[in-house]
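K.L.:
Just one file: work.csv, with CSV, C-alpha atoms.
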```
chain,number,residue,atom,x,y,z
A,12,MET,CA,25.9,138.5,95.4
A,13,ILE,CA,22.5,139.1,96.8
A,14,GLY,CA,22.2,137.9,100.5
A,15,TYR,CA,24.7,137.9,103.3
A,16,LYS,CA,23.6,135.4,106.0
A,17,PHE,CA,24.3,131.7,106.1
A,18,MET,CA,24.5,131.0,102.4
A,19,GLY,CA,26.0,134.4,101.7
A,20,LYS,CA,28.9,133.5,104.1
A,21,ALA,CA,29.3,130.0,102.6
A,22,HIS,CA,29.4,131.4,99.0
A,23,SER,CA,31.7,134.2,99.9
A,24,ASN,CA,34.2,131.8,101.5
A,25,ALA,CA,34.1,129.8,98.3
A,26,TYR,CA,34.8,132.8,96.1
A,27,ARG,CA,37.7,133.9,98.2
A,28,ASN,CA,39.3,130.4,98.3
A,29,LEU,CA,38.6,129.2,94.8
A,30,PRO,CA,41.8,130.6,93.2
A,31,PHE,CA,43.8,129.3,96.1
A,32,PHE,CA,43.0,125.7,95.3
A,33,PHE,CA,42.1,125.7,91.6
A,34,ASP,CA,44.2,127.0,88.7
A,35,LEU,CA,41.5,128.7,86.6
A,36,ASN,CA,41.6,131.0,83.5
A,37,VAL,CA,38.5,132.7,84.7
A,38,VAL,CA,38.5,133.8,88.4
A,39,PRO,CA,36.0,135.7,90.5
A,40,VAL,CA,36.4,139.4,91.5
A,41,MET,CA,34.2,140.1,94.5
A,42,LYS,CA,32.8,143.4,93.4
A,43,ALA,CA,29.7,143.9,95.5
A,44,ILE,CA,27.2,142.3,97.9
A,45,SER,CA,23.6,143.4,98.5
A,46,GLY,CA,21.3,143.3,101.4
A,47,ARG,CA,18.4,145.5,102.7
A,48,ASN,CA,19.9,146.3,106.1
A,49,GLU,CA,22.7,148.8,105.3
A,50,THR,CA,24.5,148.4,108.6
A,51,LYS,CA,24.6,144.6,108.4
A,52,VAL,CA,25.4,144.3,104.7
A,53,LYS,CA,28.2,146.8,105.2
A,54,GLU,CA,29.6,144.7,108.0
A,55,ALA,CA,29.2,141.5,105.8
A,56,ALA,CA,31.0,143.2,102.9
A,57,GLN,CA,34.0,144.0,105.1
A,58,ALA,CA,34.0,140.6,106.9
A,59,PHE,CA,33.6,138.5,103.7
A,60,GLY,CA,35.9,140.5,101.5
A,61,TRP,CA,33.6,142.3,99.1
A,62,GLU,CA,34.8,145.5,97.5
A,63,SER,CA,31.5,147.3,97.9
A,64,TYR,CA,27.8,146.9,98.9
A,65,GLU,CA,24.3,147.9,97.7
A,66,THR,CA,21.0,148.0,99.6
A,67,ASP,CA,19.0,147.5,96.4
A,68,TRP,CA,19.8,144.3,94.5
A,69,ARG,CA,18.6,145.9,91.2
A,70,LYS,CA,21.7,148.2,91.3
A,71,LEU,CA,23.9,145.1,91.2
A,72,ILE,CA,22.3,144.1,87.9
A,73,GLU,CA,22.5,147.6,86.5
A,74,ARG,CA,26.3,147.9,87.2
A,75,ASP,CA,28.6,147.4,84.2
A,76,ASP,CA,31.4,146.2,86.3
A,77,ILE,CA,29.4,143.1,87.4
A,78,ASP,CA,29.2,140.0,85.1
A,79,MET,CA,27.5,137.5,87.3
A,80,ILE,CA,24.9,137.4,90.0
A,81,ASP,CA,24.7,135.0,92.9
A,82,ILE,CA,21.3,134.7,94.4
A,83,ALA,CA,21.5,133.6,98.0
A,84,THR,CA,18.1,134.9,99.3
A,85,PRO,CA,14.9,133.4,100.6
A,86,ASN,CA,13.0,131.3,97.9
A,87,ASN,CA,10.3,133.8,97.0
A,88,MET,CA,12.9,136.3,95.7
A,89,HIS,CA,14.7,133.9,93.3
A,90,TYR,CA,12.3,134.4,90.4
A,91,GLU,CA,12.4,138.1,90.0
A,92,MET,CA,16.1,138.4,90.6
A,93,ALA,CA,17.0,135.6,88.1
A,94,ILE,CA,14.8,136.9,85.4
A,95,ALA,CA,16.3,140.4,85.8
A,96,ALA,CA,19.8,139.1,85.8
A,97,ALA,CA,19.2,137.0,82.7
A,98,LYS,CA,17.7,139.9,80.8
A,99,ALA,CA,20.7,141.9,81.6
A,100,GLY,CA,23.0,139.2,80.3
A,101,LYS,CA,24.5,138.3,83.6
A,102,HIS,CA,25.7,134.8,84.5
A,103,ILE,CA,23.7,133.3,87.4
A,104,ILE,CA,24.1,131.1,90.4
A,105,CYS,CA,21.0,130.5,92.4
A,106,GLU,CA,20.4,128.8,95.6
A,107,LYS,CA,17.9,125.9,95.8
A,108,PRO,CA,15.0,125.3,95.3
A,109,LEU,CA,15.1,127.3,92.1
A,110,ALA,CA,11.7,128.8,92.4
A,111,MET,CA,8.3,128.8,94.2
A,112,ASN,CA,6.7,126.6,91.5
A,113,THR,CA,7.2,125.0,88.2
A,114,ARG,CA,5.9,127.9,86.2
A,115,GLN,CA,8.5,130.3,87.7
A,116,ALA,CA,11.3,127.7,87.3
A,117,LYS,CA,10.4,127.2,83.6
A,118,GLU,CA,10.5,131.0,83.0
A,119,MET,CA,13.8,131.3,84.8
A,120,TYR,CA,15.3,128.5,82.7
A,121,ASP,CA,13.9,129.9,79.4
A,122,ALA,CA,15.2,133.4,80.3
A,123,ALA,CA,18.7,132.1,81.0
A,124,CYS,CA,18.8,130.0,77.9
A,125,LYS,CA,17.6,132.9,75.7
A,126,SER,CA,20.1,135.3,77.1
A,127,GLY,CA,23.1,132.9,76.8
A,128,SER,CA,23.8,133.2,80.5
A,129,ILE,CA,25.9,130.5,82.1
A,130,HIS,CA,23.7,129.2,85.0
A,131,MET,CA,23.9,126.8,87.9
A,132,ILE,CA,21.7,125.9,90.9
A,133,CYS,CA,23.6,125.4,94.1
A,134,HIS,CA,23.1,121.7,94.9
A,135,ASN,CA,26.5,121.7,96.5
A,136,TYR,CA,26.3,118.2,97.9
A,137,ARG,CA,26.9,116.7,94.5
A,138,PHE,CA,30.4,118.1,94.8
A,139,ALA,CA,31.6,116.1,97.7
A,140,PRO,CA,34.4,114.0,96.2
A,141,ALA,CA,32.8,110.8,97.7
A,142,VAL,CA,29.5,111.6,96.0
A,143,GLN,CA,31.3,112.2,92.7
A,144,PHE,CA,33.2,109.0,93.1
A,145,ALA,CA,29.9,107.2,93.8
A,146,LYS,CA,28.7,108.6,90.4
A,147,ARG,CA,31.8,107.3,88.7
A,148,LEU,CA,31.3,103.7,90.1
A,149,ILE,CA,27.7,103.7,88.9
A,150,GLU,CA,28.7,104.9,85.5
A,151,GLN,CA,31.3,102.2,85.3
A,152,ASN,CA,28.6,99.7,86.0
A,153,ARG,CA,30.3,98.5,89.2
A,154,LEU,CA,27.0,98.2,90.9
A,155,GLY,CA,25.2,96.7,87.9
A,156,LYS,CA,21.5,97.3,87.6
A,157,ILE,CA,20.2,99.6,90.3
A,158,ASN,CA,17.3,98.1,92.3
A,159,HIS,CA,16.9,100.2,95.5
A,160,VAL,CA,17.6,103.8,96.5
A,161,ARG,CA,17.1,105.1,100.0
A,162,GLY,CA,17.5,108.7,100.9
A,163,THR,CA,17.1,110.6,104.2
A,164,TYR,CA,17.8,114.1,105.3
A,165,LEU,CA,17.2,114.2,109.1
A,166,GLN,CA,17.8,117.2,111.4
A,167,ASP,CA,16.5,118.0,114.9
A,168,VAL,CA,16.4,121.8,114.8
A,169,TYR,CA,12.6,121.9,115.1
A,170,LEU,CA,12.4,119.8,118.2
A,171,ASP,CA,12.5,123.0,120.3
A,172,THR,CA,8.8,124.0,120.2
A,173,GLU,CA,9.8,127.5,121.6
A,174,ALA,CA,12.1,128.2,118.7
A,175,PRO,CA,10.6,131.2,116.9
A,176,ILE,CA,9.1,131.3,113.4
A,177,THR,CA,11.5,131.9,110.5
A,178,TRP,CA,11.0,132.5,106.8
A,179,ARG,CA,11.6,128.8,106.3
A,180,THR,CA,8.3,128.1,108.1
A,181,ARG,CA,6.2,130.6,106.2
A,182,LYS,CA,4.7,129.2,103.0
A,183,GLU,CA,4.4,132.6,101.2
A,184,ILE,CA,8.2,133.0,101.5
A,185,THR,CA,9.6,129.5,101.3
A,186,GLY,CA,6.9,127.7,99.2
A,187,LEU,CA,7.7,124.3,100.8
A,188,GLY,CA,8.9,123.3,104.2
A,189,VAL,CA,11.4,120.5,104.8
A,190,LEU,CA,10.8,119.2,101.2
A,191,GLY,CA,12.2,122.3,99.6
A,192,ASP,CA,14.7,123.2,102.3
A,193,ILE,CA,16.5,119.9,102.9
A,194,GLY,CA,14.6,117.2,101.1
A,195,SER,CA,15.3,118.8,97.7
A,196,HIS,CA,19.0,118.1,98.3
A,197,ASN,CA,18.4,114.4,98.8
A,198,LEU,CA,16.1,114.1,95.8
A,199,ASP,CA,18.6,115.9,93.6
A,200,LEU,CA,21.3,113.5,94.7
A,201,ALA,CA,19.0,110.6,93.7
A,202,ARG,CA,18.5,112.2,90.2
A,203,PHE,CA,22.2,112.8,89.9
A,204,LEU,CA,23.2,109.3,90.8
A,205,VAL,CA,20.3,107.1,89.7
A,206,GLY,CA,18.3,109.0,87.1
A,207,GLU,CA,14.9,110.5,86.6
A,208,PHE,CA,11.9,109.8,88.8
A,209,GLN,CA,8.9,108.2,87.1
A,210,GLU,CA,6.2,108.4,89.7
A,211,VAL,CA,5.9,109.2,93.4
A,212,ALA,CA,3.4,108.8,96.3
A,213,ALA,CA,3.9,110.9,99.4
A,214,LEU,CA,2.7,112.2,102.7
A,215,THR,CA,3.6,115.2,104.8
A,216,GLU,CA,2.9,116.3,108.4
A,217,THR,CA,3.2,119.4,110.5
A,218,PHE,CA,3.8,118.2,114.1
A,219,VAL,CA,4.4,121.7,115.5
A,220,ASN,CA,1.6,123.9,114.2
A,221,GLN,CA,2.4,127.1,116.0
A,222,ARG,CA,5.6,128.8,117.1
A,223,PRO,CA,6.5,132.1,118.8
A,224,ALA,CA,6.5,135.1,116.5
A,225,ALA,CA,9.8,135.9,115.0
A,226,GLU,CA,12.0,138.4,116.8
A,227,PHE,CA,12.4,141.4,114.5
A,228,GLU,CA,14.3,144.5,115.3
A,229,ASN,CA,12.5,147.0,117.5
A,230,GLN,CA,9.8,144.4,118.4
A,231,ASN,CA,8.3,144.9,121.8
A,232,GLU,CA,8.0,142.2,124.4
A,233,ALA,CA,4.3,141.7,123.9
A,234,ASP,CA,4.8,140.9,120.2
A,235,LYS,CA,7.5,138.5,121.1
A,236,LYS,CA,5.1,136.4,123.1
A,237,GLN,CA,2.5,136.1,120.3
A,238,MET,CA,2.1,132.7,118.5
A,239,GLU,CA,2.1,132.3,114.7
A,240,ASP,CA,0.9,129.5,112.6
A,241,VAL,CA,3.4,127.2,110.9
A,242,THR,CA,2.2,127.0,107.3
A,243,VAL,CA,4.4,124.4,105.8
A,244,GLU,CA,5.3,120.7,106.5
A,245,ASP,CA,8.0,119.9,109.0
A,246,ALA,CA,8.2,116.2,108.0
A,247,ALA,CA,7.8,114.3,104.7
A,248,ALA,CA,8.0,110.8,103.4
A,249,LEU,CA,7.6,109.3,100.0
A,250,ILE,CA,8.0,106.2,97.9
A,251,ALA,CA,9.1,106.4,94.3
A,252,ARG,CA,9.8,104.5,91.1
A,253,PHE,CA,12.5,105.6,88.7
A,254,GLU,CA,12.5,105.5,85.0
A,255,ASN,CA,15.2,102.8,85.0
A,256,GLY,CA,13.0,100.5,87.1
A,257,ALA,CA,14.6,101.2,90.5
A,258,ILE,CA,12.4,101.9,93.5
A,259,GLY,CA,13.2,104.4,96.2
A,260,THR,CA,12.1,105.6,99.7
A,261,PHE,CA,12.9,109.1,101.0
A,262,GLU,CA,12.3,111.0,104.2
A,263,ALA,CA,13.0,114.6,105.3
A,264,THR,CA,12.3,116.0,108.8
A,265,LYS,CA,13.7,118.5,111.3
A,266,LEU,CA,12.2,116.6,114.3
A,267,ALA,CA,14.6,113.6,114.3
A,268,GLY,CA,16.3,113.9,117.6
A,269,GLY,CA,20.1,113.2,117.6
A,270,ASN,CA,20.5,114.0,113.9
A,271,LEU,CA,22.4,117.3,113.4
A,272,ASN,CA,22.6,117.2,109.6
A,273,GLY,CA,22.0,113.6,108.4
A,274,ASN,CA,21.9,113.8,104.6
A,275,ARG,CA,22.3,110.1,103.7
A,276,PHE,CA,21.8,107.8,100.8
A,277,GLU,CA,22.2,104.1,100.2
A,278,ILE,CA,22.0,102.6,96.7
A,279,ASN,CA,21.7,98.8,96.1
A,280,GLY,CA,22.5,97.2,92.7
A,281,GLU,CA,22.7,93.6,91.5
A,282,LYS,CA,26.5,93.7,91.8
A,283,GLY,CA,27.1,96.0,94.7
A,284,SER,CA,26.0,98.8,97.0
A,285,ILE,CA,27.2,102.2,98.1
A,286,ARG,CA,26.2,104.5,101.0
A,287,TRP,CA,27.2,107.9,102.1
A,288,ASP,CA,26.5,110.3,105.0
A,289,LEU,CA,27.1,114.1,104.9
A,290,GLU,CA,28.2,114.0,108.5
A,291,ASN,CA,31.1,111.9,107.4
A,292,LEU,CA,31.4,113.4,103.9
A,293,ASN,CA,34.9,112.2,103.0
A,294,ASN,CA,34.1,108.5,103.3
A,295,LEU,CA,32.1,106.4,100.8
A,296,GLU,CA,31.1,102.9,101.9
A,297,VAL,CA,31.2,100.3,99.1
A,298,TYR,CA,30.2,96.7,98.9
A,299,PHE,CA,30.7,94.3,95.9
A,300,THR,CA,29.0,90.9,95.6
A,301,ASP,CA,31.9,89.4,93.8
A,302,ASP,CA,34.2,89.6,96.8
A,303,GLU,CA,35.4,86.3,98.2
A,304,PRO,CA,32.8,84.6,100.4
A,305,GLY,CA,33.6,85.0,104.1
A,306,ILE,CA,35.1,88.5,103.6
A,307,ARG,CA,32.2,90.2,101.9
A,308,GLY,CA,31.1,93.4,103.6
A,309,TYR,CA,31.2,97.2,103.3
A,310,ARG,CA,34.6,98.7,102.9
A,311,THR,CA,35.3,102.4,103.7
A,312,ILE,CA,37.0,104.5,101.0
A,313,ASN,CA,38.5,107.7,102.2
A,314,CYS,CA,38.0,109.8,99.1
A,315,THR,CA,41.0,112.1,99.5
A,316,GLU,CA,43.3,110.6,96.9
A,317,LYS,CA,44.1,111.8,93.3
A,318,TYR,CA,41.8,109.0,92.1
A,319,HIS,CA,38.8,110.8,93.6
A,320,PRO,CA,37.2,113.8,91.8
A,321,TYR,CA,38.3,117.3,93.1
A,322,ALA,CA,40.4,115.7,95.9
A,323,GLU,CA,43.8,116.4,94.3
A,324,ALA,CA,43.1,120.2,94.5
A,325,TYR,CA,43.4,120.1,98.3
A,326,TRP,CA,45.7,118.4,100.8
A,327,PRO,CA,47.8,115.2,101.0
A,328,VAL,CA,46.0,111.9,101.2
A,329,GLY,CA,43.9,111.4,104.3
A,330,HIS,CA,43.8,115.1,105.1
A,331,ILE,CA,40.1,115.6,105.0
A,332,ILE,CA,38.1,118.4,103.5
A,333,GLY,CA,34.8,119.9,104.8
A,334,TYR,CA,31.4,121.2,103.9
A,335,GLU,CA,32.8,124.5,102.6
A,336,HIS,CA,34.8,122.8,100.0
A,337,THR,CA,31.7,121.5,98.2
A,338,PHE,CA,30.9,125.1,97.3
A,339,ILE,CA,34.5,125.6,96.1
A,340,ASN,CA,34.3,122.5,93.9
A,341,LEU,CA,30.9,123.7,92.4
A,342,LEU,CA,32.4,127.1,91.6
A,343,SER,CA,35.4,125.6,89.9
A,344,ASP,CA,32.9,124.0,87.4
A,345,PHE,CA,31.0,127.2,87.1
A,346,PHE,CA,34.0,129.4,86.2
A,347,ASN,CA,35.3,126.7,83.8
A,348,GLY,CA,31.8,126.8,82.3
A,349,ILE,CA,32.0,130.5,81.7
A,350,GLU,CA,35.3,130.0,79.9
A,351,GLN,CA,33.9,127.2,77.8
A,352,GLY,CA,30.4,128.8,77.2
A,353,VAL,CA,28.6,125.9,78.8
A,354,SER,CA,26.3,125.8,81.8
A,355,PRO,CA,27.6,122.9,84.1
A,356,ARG,CA,25.3,120.6,85.9
A,357,PRO,CA,23.4,121.0,88.0
A,358,ASN,CA,22.0,124.0,86.2
A,359,PHE,CA,18.6,125.6,85.8
A,360,GLU,CA,17.4,122.6,83.8
A,361,ASP,CA,18.0,120.5,87.0
A,362,GLY,CA,16.3,123.2,89.0
A,363,LEU,CA,13.3,122.9,86.8
A,364,ARG,CA,13.2,119.1,86.9
A,365,ASN,CA,13.6,119.2,90.7
A,366,GLN,CA,10.7,121.7,90.8
A,367,ILE,CA,8.5,119.4,88.7
A,368,LEU,CA,9.3,116.6,91.2
A,369,LEU,CA,8.6,118.7,94.2
A,370,GLU,CA,5.3,119.9,92.7
A,371,SER,CA,4.4,116.2,91.9
A,372,ILE,CA,5.0,115.3,95.6
A,373,GLU,CA,2.8,118.2,96.7
A,374,GLU,CA,0.0,117.0,94.4
A,375,SER,CA,0.4,113.4,95.6
A,376,VAL,CA,0.0,114.6,99.2
A,377,ALA,CA,-3.1,116.7,98.4
A,378,LYS,CA,-4.8,114.0,96.3
A,379,LYS,CA,-3.5,110.9,98.2
A,380,VAL,CA,-2.6,109.2,94.9
A,381,TRP,CA,0.4,108.3,92.8
A,382,ILE,CA,1.6,111.1,90.5
A,383,ASN,CA,3.4,110.4,87.2
A,384,VAL,CA,6.5,112.7,87.2
A,385,SER,CA,7.6,111.6,83.8
A,386,GLU,CA,4.4,112.7,82.2
A,387,LYS,CA,4.7,116.1,83.8
A,388,SER,CA,8.3,116.5,82.6
A,389,ASN,CA,7.4,115.4,79.1
A,390,SER,CA,4.6,118.0,78.9
A,391,ILE,CA,7.1,120.8,79.5
A,392,SER,CA,9.5,121.8,76.7
A,393,ILE,CA,13.0,121.4,78.1
A,394,LYS,CA,16.0,121.8,75.8
A,395,GLU,CA,18.5,119.0,76.3
```
Kindly present the structure from the file in structure tokens form.
P.N.:
Amino acid sequence: MIGYKFMGKAHSNAYRNLPFFFDLNVVPVMKAISGRNETKVKEAAQAFGWESYETDWRKLIERDDIDMIDIATPNNMHYEMAIAAAKAGKHIICEKPLAMNTRQAKEMYDAACKSGSIHMICHNYRFAPAVQFAKRLIEQNRLGKINHVRGTYLQDVYLDTEAPITWRTRKEITGLGVLGDIGSHNLDLARFLVGEFQEVAALTETFVNQRPAAEFENQNEADKKQMEDVTVEDAAALIARFENGAIGTFEATKLAGGNLNGNRFEINGEKGSIRWDLENLNNLEVYFTDDEPGIRGYRTINCTEKYHPYAEAYWPVGHIIGYEHTFINLLSDFFNGIEQGVSPRPNFEDGLRNQILLESIEESVAKKVWINVSEKSNSISIKE
């Protein structure tokens, strides 16, 4: 695995616990983790349960005892690492967004397909049992024709204007601001549940244009007081039309006070509705129009029973699971995919399609017009 901070810890926990919950024929052996700071990556290796560490990610790819690479780094590093891993015939998991732009994403997808690598992108929220159950209800036509999709991802971590610059607020490292960081999750859920976007119109804003310079090691006090420009958006809103005729509204921001991690969606169909909130991830709210008059209303389904995807791997009914289990569920599909020789969804194709969507949103913002996402997707050769 390349990277050892937030996502490195989340992924490491999943690798450690995967065999405990799922009976798999292919299981992970945590051979090595990589990071540039030797002291910190050595500490992470010991804390997270990795057998060894490297300070140069290229050495991971060169090692014969490593079969897969997990890329949990800032966005601008994904492309080079994934291309190298694919050329070396390694299986690949990559954090989202897949790349800095569509060109990079297409090359990563093509390289993985050419090498025969099993590949996935880590849109882990697809793997909450409640989200998977929502997908099942939609596929069973329990909601009928979908008319409306509403998605929001709201946080308040940027409300503190004295919070220092991070890589997530530097365009040359992250590519996009809240759209790529958190909005991409909500857009991916919409694609997963409803289908492909046809066209979008969007606007973005940067409300906090400068922040204190980041605190690096050995930085003197004078440097810490310097201000640095924020070069990406910290809020975004868009309206959309889907290829199946549904319309959608989406919002992503890190300045919504009182929202810690509000990844939410509501989907309205002619026969029913569903809604979900990451901050209450075990519960799916469901409404059906054919309920008896007088008792119609949303019911709450606690998705911890054997009828709900992945739930049976964990605890007795009503004993809830958490954020970390979405990664475990994703990895269970990945390692089954290695055994079967198939790249489970979401894979690099989804990463590429999401990148086309994000780039379309950027273009809409710049030109202040509707952008046809379907046309852009159709112009790029994607193997189904």
K.L.:
Which residue gives the smallest distance to A:Asn112 among A:Gln366, A:Ser284, A:Arg252, A:Ala174, with all atoms listed in the file counted?
P.N.:
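Counting all atoms listed in the file, the residue closest to A:Asn112 is A:Gln366.
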K.L.:
Between atom CA of A:Gly155 and atom CA of A:Ala322, what is the distance, to one decimal in Å?
P.N.:
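These atoms are spaced 25.6 Å apart.
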K.L.:
Which residue is closest to A:Ala246? Choose from A:Gly194, A:Gly46, A:Gly352, A:Gly305 and count only C-alpha atoms.
P.N.:
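Of all the options, A:Gly194 lies closest to A:Ala246.
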K.L.:
Write out as a ChimeraX atom specification the residues lying within 8 Å of stretch 263-279 of chain A, counting only C-alpha atoms and excluding same-chain residues fewer than 4 positions away.
P.N.:
/A:154,157-170,189-190,193-194,197,245-248,283-290
K.L.:
Any idea what the distance is between atom CA of A:Lys317 and atom CA of A:Asn135?
P.N.:
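Between atom CA of A:Lys317 and atom CA of A:Asn135 the gap works out to 20.4 Å.
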K.L.:
Tell me, in Å to one decimal, how far atom CA of A:Phe299 is from atom CA of A:His196.
P.N.:
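Going from atom CA of A:Phe299 over to atom CA of A:His196 covers 26.6 Å.
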K.L.:
Output as JSON the centre and edge lengths (Å, one decimal) of the box along x, y and z of the file that holds every listed atom of stretch 120-135 of chain A after adding 8 Å on each side.
P.N.:
```
{"center_x": 20.2, "center_y": 128.5, "center_z": 86.1, "size_x": 28.6, "size_y": 29.6, "size_z": 36.8}
```
